[in-house]
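J.: This is the content of data36.cif (mmCIF, C-alpha atoms):
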```
data_work
loop_
_atom_site.label_atom_id
_atom_site.label_comp_id
_atom_site.auth_asym_id
_atom_site.auth_seq_id
_atom_site.Cartn_x
_atom_site.Cartn_y
_atom_site.Cartn_z
CA MET W 236 82.81 66.96 71.39
CA ASP W 237 85.23 64.04 71.84
CA GLU W 238 87.39 63.38 74.91
CA ASN W 239 90.48 65.02 73.45
CA GLN W 240 88.56 68.21 72.74
CA LYS W 241 87.12 68.17 76.26
CA ASN W 242 90.58 67.70 77.75
CA ARG W 243 91.94 70.63 75.76
CA LEU W 244 88.98 72.71 76.90
CA TRP W 245 89.66 71.85 80.54
CA GLU W 246 93.34 72.61 80.14
CA SER W 247 92.53 76.02 78.69
CA TYR W 248 89.99 76.76 81.41
CA THR W 249 92.44 75.70 84.13
CA GLU W 250 95.09 78.01 82.72
CA THR W 251 92.92 81.04 81.92
CA GLY W 252 89.71 80.80 83.95
CA SER W 253 87.99 82.24 80.87
CA ALA W 254 84.30 83.07 81.32
CA ASP W 255 83.65 82.07 77.71
CA ILE W 256 85.21 78.65 78.20
CA ARG W 257 83.26 78.25 81.43
CA GLU W 258 80.04 78.91 79.50
CA THR W 259 81.09 76.37 76.87
CA LEU W 260 81.64 73.77 79.59
CA ILE W 261 78.21 74.45 81.07
CA VAL W 262 76.55 73.94 77.69
CA GLU W 263 78.64 70.82 76.96
CA TYR W 264 77.70 69.09 80.22
CA ALA W 265 74.10 70.33 80.48
CA PRO W 266 72.78 66.99 79.09
CA LEU W 267 74.26 65.29 82.16
CA VAL W 268 71.95 67.39 84.33
CA LYS W 269 68.93 66.25 82.32
CA ILE W 270 69.91 62.60 82.70
CA ILE W 271 70.31 62.88 86.47
CA ALA W 272 67.12 64.92 86.85
CA GLY W 273 65.26 62.28 84.85
CA ARG W 274 66.56 59.50 87.07
CA LEU W 275 65.66 61.32 90.25
CA SER W 276 62.20 62.20 88.97
CA MET W 277 61.40 58.49 89.06
CA TYR W 278 62.09 58.49 92.79
CA LEU W 279 60.44 61.78 93.61
CA GLY W 280 57.12 61.25 91.84
CA TYR W 281 54.92 63.78 90.14
CA ASN W 282 54.74 66.44 92.84
CA VAL W 283 58.15 67.79 91.81
CA GLU W 284 58.40 69.14 88.26
CA TYR W 285 61.16 67.73 86.06
CA GLU W 286 62.03 71.25 84.86
CA ASP W 287 62.56 72.32 88.48
CA LEU W 288 64.92 69.41 89.05
CA VAL W 289 66.90 70.44 85.97
CA SER W 290 67.10 74.03 87.26
CA TYR W 291 68.40 72.84 90.64
CA GLY W 292 70.88 70.55 88.90
CA ILE W 293 72.31 73.34 86.75
CA PHE W 294 73.47 75.09 89.93
CA GLY W 295 75.21 71.87 90.92
CA LEU W 296 76.87 71.65 87.50
CA ILE W 297 78.15 75.22 87.74
CA ASP W 298 79.45 74.53 91.24
CA ALA W 299 81.19 71.40 89.96
CA ILE W 300 82.86 73.30 87.11
CA ASP W 301 84.05 76.02 89.49
CA LYS W 302 85.49 73.55 92.02
CA PHE W 303 86.78 70.82 89.74
CA ASP W 304 90.55 70.24 89.87
CA TYR W 305 91.48 68.97 86.43
CA GLY W 306 95.02 68.21 87.56
CA LYS W 307 93.93 65.42 89.91
CA GLY W 308 93.00 63.15 87.03
CA ILE W 309 89.44 62.55 88.22
CA LYS W 310 86.81 62.07 85.53
CA PHE W 311 84.66 65.21 85.52
CA GLU W 312 81.40 63.39 84.73
CA THR W 313 81.76 61.32 87.91
CA TYR W 314 82.58 64.34 90.06
CA ALA W 315 79.86 66.49 88.50
CA SER W 316 77.20 63.78 88.84
CA LEU W 317 77.63 63.85 92.61
CA ARG W 318 77.47 67.64 92.75
CA ILE W 319 74.44 67.81 90.49
CA ARG W 320 72.52 65.15 92.37
CA GLY W 321 73.51 66.70 95.69
CA ALA W 322 72.31 70.13 94.57
CA ILE W 323 68.93 68.75 93.51
CA LEU W 324 68.43 66.79 96.71
CA ASP W 325 69.60 69.65 98.90
CA GLN W 326 66.99 71.93 97.35
CA ILE W 327 64.25 69.34 97.73
CA ARG W 328 65.21 68.75 101.36
CA LYS W 329 64.91 72.48 102.03
CA MET W 330 61.31 72.24 100.91
CA ASP W 331 60.72 69.73 103.75
CA TRP W 332 58.33 67.87 101.51
CA ILE W 333 58.35 64.47 103.23
CA PRO W 334 56.22 64.63 106.38
CA ARG W 335 57.42 62.67 109.40
CA THR W 336 54.16 60.71 109.47
CA LEU W 337 54.81 59.55 105.90
CA ARG W 338 58.29 58.41 106.82
CA GLN W 339 56.78 56.42 109.70
CA LYS W 340 54.23 54.81 107.38
CA GLN W 341 56.98 53.88 104.96
CA LYS W 342 59.01 52.22 107.72
CA LYS W 343 55.95 50.25 108.80
CA MET W 344 55.31 49.05 105.24
CA ASP W 345 58.97 48.06 104.83
CA ALA W 346 58.92 46.14 108.11
CA ALA W 347 55.67 44.37 107.20
CA LEU W 348 57.02 43.35 103.79
CA LEU W 349 60.22 41.98 105.31
CA LYS W 350 58.35 40.05 108.03
CA LEU W 351 55.87 38.51 105.60
CA GLU W 352 58.54 37.56 103.09
CA LYS W 353 60.46 35.68 105.78
CA GLU W 354 57.31 33.95 107.01
CA LEU W 355 55.81 33.12 103.62
CA GLY W 356 58.96 32.51 101.62
CA ARG W 357 57.52 34.52 98.73
CA PRO W 358 56.49 38.11 97.91
CA ALA W 359 53.49 39.21 99.97
CA THR W 360 50.28 40.37 98.31
CA ASP W 361 48.83 43.80 98.97
CA GLU W 362 46.02 42.21 100.99
CA GLU W 363 48.50 40.35 103.19
CA VAL W 364 50.54 43.48 103.84
CA ALA W 365 47.39 45.43 104.71
CA ALA W 366 46.33 42.69 107.13
CA GLU W 367 49.78 42.69 108.75
CA LEU W 368 49.55 46.46 109.21
CA GLY W 369 46.03 46.14 110.63
CA ILE W 370 44.50 48.46 108.04
CA SER W 371 41.98 48.03 105.24
CA ILE W 372 43.12 47.40 101.69
CA ASP W 373 41.78 50.83 100.70
CA GLU W 374 43.81 52.47 103.45
CA PHE W 375 46.87 50.50 102.35
CA TYR W 376 46.49 51.80 98.81
CA ASN W 377 46.18 55.28 100.27
CA TRP W 378 49.46 54.82 102.15
CA GLU W 379 51.04 53.46 99.01
CA GLY W 380 49.79 56.40 96.98
CA GLN W 381 51.27 58.85 99.47
CA SER W 382 54.59 57.04 99.31
CA GLN W 383 54.44 57.05 95.53
CA ALA W 384 53.96 60.79 95.45
CA SER W 385 56.93 61.34 97.69
CA GLY W 386 59.29 58.76 96.28
CA LEU W 387 59.92 55.71 98.40
CA VAL W 388 63.62 56.28 98.73
CA SER W 389 64.02 59.13 101.22
CA LEU W 390 66.34 61.96 100.31
CA ASP W 391 68.45 61.39 103.39
CA GLU W 392 69.07 57.80 102.29
CA CYS W 393 69.97 58.95 98.79
CA LEU W 394 72.48 61.40 100.20
CA GLU W 395 73.96 58.91 102.64
CA GLN W 396 74.19 56.08 100.12
CA GLY W 397 74.79 57.82 96.84
CA THR W 398 76.36 61.24 97.00
CA GLU W 399 79.16 61.41 99.53
CA ILE W 400 81.62 59.43 97.46
CA TYR W 401 84.62 61.71 97.89
CA THR W 402 86.74 61.62 101.01
CA SER W 403 88.03 64.65 102.89
CA SER W 404 91.23 64.42 100.87
CA ASN W 405 89.12 64.72 97.69
CA GLN W 406 90.16 61.24 96.57
CA PRO W 407 87.37 59.20 95.01
CA MET W 408 86.32 56.11 96.89
CA LYS W 409 86.18 52.81 95.11
CA SER W 410 83.30 52.36 92.72
CA PRO W 411 80.54 49.86 93.54
CA GLU W 412 82.12 47.42 91.09
CA GLU W 413 85.34 47.59 93.11
CA VAL W 414 83.60 47.31 96.47
CA VAL W 415 81.51 44.32 95.43
CA GLU W 416 82.73 41.74 92.97
CA LYS W 417 80.66 41.68 89.81
CA LYS W 418 79.58 38.11 90.43
CA GLU W 419 78.30 38.99 93.89
CA LEU W 420 76.56 42.08 92.53
CA LYS W 421 74.79 40.00 89.92
CA GLU W 422 73.66 37.58 92.60
CA MET W 423 72.32 40.46 94.68
CA LEU W 424 70.37 41.77 91.71
CA LYS W 425 69.05 38.33 90.89
CA SER W 426 67.91 37.85 94.47
CA ALA W 427 66.27 41.28 94.58
CA LEU W 428 64.44 40.76 91.29
CA GLU W 429 62.96 37.52 92.56
CA VAL W 430 60.75 39.39 95.02
CA LEU W 431 59.13 41.43 92.24
CA THR W 432 56.01 40.68 90.24
CA GLU W 433 56.47 40.19 86.51
CA LYS W 434 55.28 43.72 85.74
CA GLU W 435 57.55 45.28 88.40
CA LYS W 436 60.49 43.27 87.11
CA LYS W 437 59.76 44.36 83.55
CA VAL W 438 59.76 48.03 84.56
CA VAL W 439 63.09 47.66 86.37
CA LEU W 440 64.71 45.84 83.46
CA LEU W 441 63.41 48.26 80.85
CA TYR W 442 64.37 51.33 82.88
CA TYR W 443 67.77 50.35 84.30
CA TYR W 444 69.02 47.87 81.72
CA GLU W 445 67.43 49.09 78.48
CA GLU W 446 67.49 52.73 79.72
CA LEU W 447 64.06 53.49 78.31
CA THR W 448 62.08 56.53 79.41
CA LEU W 449 58.90 56.46 81.46
CA LYS W 450 56.89 57.26 78.33
CA GLU W 451 58.56 54.53 76.27
CA ILE W 452 57.92 51.93 78.96
CA SER W 453 54.27 52.96 79.23
CA THR W 454 53.90 52.47 75.48
CA ILE W 455 55.51 49.03 75.55
CA MET W 456 53.46 47.86 78.53
CA GLU W 457 50.29 49.60 77.30
CA VAL W 458 49.65 51.30 80.64
CA SER W 459 49.74 54.94 81.78
CA GLU W 460 52.95 56.68 82.78
CA SER W 461 51.62 57.05 86.31
CA ARG W 462 51.11 53.27 86.48
CA VAL W 463 54.69 52.69 85.33
CA SER W 464 55.89 55.09 88.01
CA GLN W 465 53.81 53.25 90.61
CA LEU W 466 55.25 49.88 89.55
CA HIS W 467 58.76 51.34 89.68
CA THR W 468 58.17 52.66 93.18
CA LYS W 469 56.80 49.33 94.40
CA ALA W 470 59.79 47.55 92.91
CA LEU W 471 62.25 49.86 94.66
CA GLN W 472 60.45 49.40 97.96
CA LYS W 473 60.68 45.61 97.70
CA MET W 474 64.30 45.70 96.55
CA LYS W 475 65.21 48.03 99.40
CA VAL W 476 63.65 45.65 101.92
CA LYS W 477 65.38 42.66 100.32
CA LEU W 478 68.85 44.21 100.09
CA GLY W 479 68.81 46.25 103.29
CA GLY W 480 72.01 48.27 103.69
CA GLN W 481 73.30 47.00 100.35
CA PHE W 482 70.55 48.84 98.49
CA GLY W 483 72.79 51.91 98.19
CA ILE W 484 75.24 49.96 96.07
CA LEU W 485 72.63 49.62 93.36
CA TYR W 486 71.52 53.23 93.51
CA GLY W 487 73.08 55.49 90.97
CA VAL W 488 72.69 57.61 87.95
#
```
Please render this file's structure as C-alpha cells.

T.:
Amino acid sequence: MDENQKNRLWESYTETGSADIRETLIVEYAPLVKIIAGRLSMYLGYNVEYEDLVSYGIFGLIDAIDKFDYGKGIKFETYASLRIRGAILDQIRKMDWIPRTLRQKQKKMDAALLKLEKELGRPATDEEVAAELGISIDEFYNWEGQSQASGLVSLDECLEQGTEIYTSSNQPMKSPEEVVEKKELKEMLKSALEVLTEKEKKVVLLYYYEELTLKEISTIMEVSESRVSQLHTKALQKMKVKLGGQFGILYGV
C-alpha cells in the first residue's frame, strides 16, 4: 500500500471510525511491530521470547491507531513506534525481570570500564576489568552472562531516552538529527566505535548499518547466534560508557 492509499485509509477511518478499516490498519502496520520487537529482542536477550514481544507490541499498535490524530499531520509510523515500544517495555517492566543486584553489578562494570579506559587510553581487556572489580575472570564472565541475559540497557533507560518523545501538547520533539548536527553525530559514532573490538564493531555495523538479522550476522561471522548477541551486548555496554548521557540519541528503532 503506497502513501496515498494509506492517507485515504486514514481519512476514511477518521471520518467513519469503521471497525473494518481499523482492522485493515492493524494488518497494514503489523510489520512495524515485528521490526521493533526484533530490535528490542537484541537488548533483552533470550529469556524473553520474540513472539511474546510481538504480542505485547500489537497492543501498542492498536492503542496507537485508536489515539492517533490524523489531522495533526504527524507521521503515524513515528507515533506508533513510540507506542509499540512503550507497550512492550511496560509489559516487561511489570514482570520485574531485572533484579536489583544485577543492576548494581552492571553499574560496577560500567564504572570499571570507564575508569580503565581513562587510565589506559584504550579499551580494557576482560582480565583487566575483572581485576579492577576484584573478582576472578570466571566470576566476571558470570556477571557478563547475567547482564547478557537481561539486556545491558535497562528498560528504565530505554523509556527515559527513547520513548517519551511527545510533549504534553502532543507536539513531536525534534528528531535526533535536529538536536545534534549530523557531523557531530558522526563524530560521536566514530568515537564510540573506537572502543570496540573488531568483532564487536562488525556486529554493530552489520546490524545497525546493513540491517542484517541476528541469524544473517552469525552466518557471515561463522559464529553462533548467541555469540553474536553477546558481542552486540558488549558493544552496547562499551558505547554506553563512552557516550554517557548521549547514548540515548543513538538508541532507536

J.: If you apply the PyMOL selection byres ((chain W and resi 473) around 8) to this file, what residues do you get, as number ranges by chain?

T.: W: 345, 348, 427, 430-431, 469-472, 474-477

J.: Those residues with C-alpha atoms, as a PDB file, in the coordinates of the input please?

T.:
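The new file part_2.pdb reads:
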```pdb
ATOM      1  CA  ASP W 345      58.970  48.060 104.830  1.00  0.00           C
ATOM      2  CA  LEU W 348      57.020  43.350 103.790  1.00  0.00           C
ATOM      3  CA  ALA W 427      66.270  41.280  94.580  1.00  0.00           C
ATOM      4  CA  VAL W 430      60.750  39.390  95.020  1.00  0.00           C
ATOM      5  CA  LEU W 431      59.130  41.430  92.240  1.00  0.00           C
ATOM      6  CA  LYS W 469      56.800  49.330  94.400  1.00  0.00           C
ATOM      7  CA  ALA W 470      59.790  47.550  92.910  1.00  0.00           C
ATOM      8  CA  LEU W 471      62.250  49.860  94.660  1.00  0.00           C
ATOM      9  CA  GLN W 472      60.450  49.400  97.960  1.00  0.00           C
ATOM     10  CA  MET W 474      64.300  45.700  96.550  1.00  0.00           C
ATOM     11  CA  LYS W 475      65.210  48.030  99.400  1.00  0.00           C
ATOM     12  CA  VAL W 476      63.650  45.650 101.920  1.00  0.00           C
ATOM     13  CA  LYS W 477      65.380  42.660 100.320  1.00  0.00           C
TER      14      LYS W 477
END
```

J.: I would like the residues chosen by the PyMOL selection byres ((chain W and resi 461) around 10) on the shown file; could you give them as a VMD selection string?

T.: chain W and resid 280 to 281 383 449 to 450 453 458 to 460 462 to 467

J.: Using C-alpha atoms, can you export the residues from the last selection as a compact mmCIF listing (two decimals), keeping the file's coordinate frame?

T.:
```txt
# COMPACT_ATOMS: atom_id res chain seq x y z
CA GLY W 280 57.12 61.25 91.84
CA TYR W 281 54.92 63.78 90.14
CA GLN W 383 54.44 57.05 95.53
CA LEU W 449 58.90 56.46 81.46
CA LYS W 450 56.89 57.26 78.33
CA SER W 453 54.27 52.96 79.23
CA VAL W 458 49.65 51.30 80.64
CA SER W 459 49.74 54.94 81.78
CA GLU W 460 52.95 56.68 82.78
CA ARG W 462 51.11 53.27 86.48
CA VAL W 463 54.69 52.69 85.33
CA SER W 464 55.89 55.09 88.01
CA GLN W 465 53.81 53.25 90.61
CA LEU W 466 55.25 49.88 89.55
CA HIS W 467 58.76 51.34 89.68
```

J.: For CA of Asn377 (chain W) and CA of Glu352 (chain W), quote the distance in Å rounded to one decimal.

T.: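 These two atoms are separated by 21.8 Å.
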
J.: Rounded to one decimal, what separation in Å do you get between CA of Ala265 (chain W) and CA of Leu441 (chain W)?

T.: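 Rounded to one decimal, the two atoms are 24.5 Å apart.
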
J.: Using all atoms listed in the file, can you tell me which of W:Ala299, W:Tyr444, W:Val438, W:Ile271 comes closest to Thr468 (chain W)?

T.: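 Ranking W:Ala299, W:Tyr444, W:Val438, W:Ile271 by distance to Thr468 (chain W), first place goes to W:Val438.
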
J.: Given the file shown, determine the residues that the PyMOL selection byres ((chain W and resi 362-371) around 8) selects; report them as a ChimeraX atom specification.

T.: /W:343-344,347-348,351,359-361,372-375

J.: Applying 12 Å and only C-alpha atoms, which residues near Gly306 (chain W) remain after dropping the ones on its own chain fewer than 6 positions away? List them as a VMD selection string.

T.: chain W and resid 242 245 to 246 248 to 250

J.: With 8 Å as the threshold, what does the neighbourhood of (77.7, 70.6, 89.8) contain in terms of residues, counting only C-alpha atoms? Coordinates are those of the file; answer as a list in words.

T.: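 Here the neighbourhood of the point contains Gly292, Ile293, Phe294, Gly295, Leu296, Ile297, Asp298, Ala299, Ile300, Tyr314, Ala315, Ser316, Leu317, Arg318, Ile319, Arg320 and Ala322 of chain W.
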
J.: So how far away is CA of Lys425 (chain W) from CA of Leu440 (chain W), in Å?

T.: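 Going from CA of Leu440 (chain W) over to CA of Lys425 (chain W), I get 11.4 Å.
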
J.: Which is closer to Lys302 (chain W) than all the others in W:Glu429, W:Lys437, W:Arg257, W:Asn239, using only C-alpha atoms?

T.: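 Using only C-alpha atoms, the shortest distance to Lys302 (chain W) belongs to W:Arg257.
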
J.: Given all atoms listed in the file as the basis, pick out the residue of W:Tyr376, W:Lys434, W:Ile270, W:Gln326 nearest to Met456 (chain W).

T.: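 Between W:Tyr376, W:Lys434, W:Ile270, W:Gln326, the residue approaching Met456 (chain W) most closely is W:Lys434.
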
J.: Please determine, counting all atoms listed in the file, which residue among W:Leu267, W:Leu260, W:Ile455, W:Ala346 has the shortest atom-to-atom distance to Phe303 (chain W).

T.: W:Leu260

J.: Using all atoms listed in the file, which residues sit within 10 Å of Glu286 (chain W) once same-chain residues fewer than 2 positions away are excluded, as a list in words?

T.: Lys269, Ala272, Gly273, Ser276, Val283, Glu284, Leu288, Val289, Ser290, Tyr291 and Gly292 of chain W
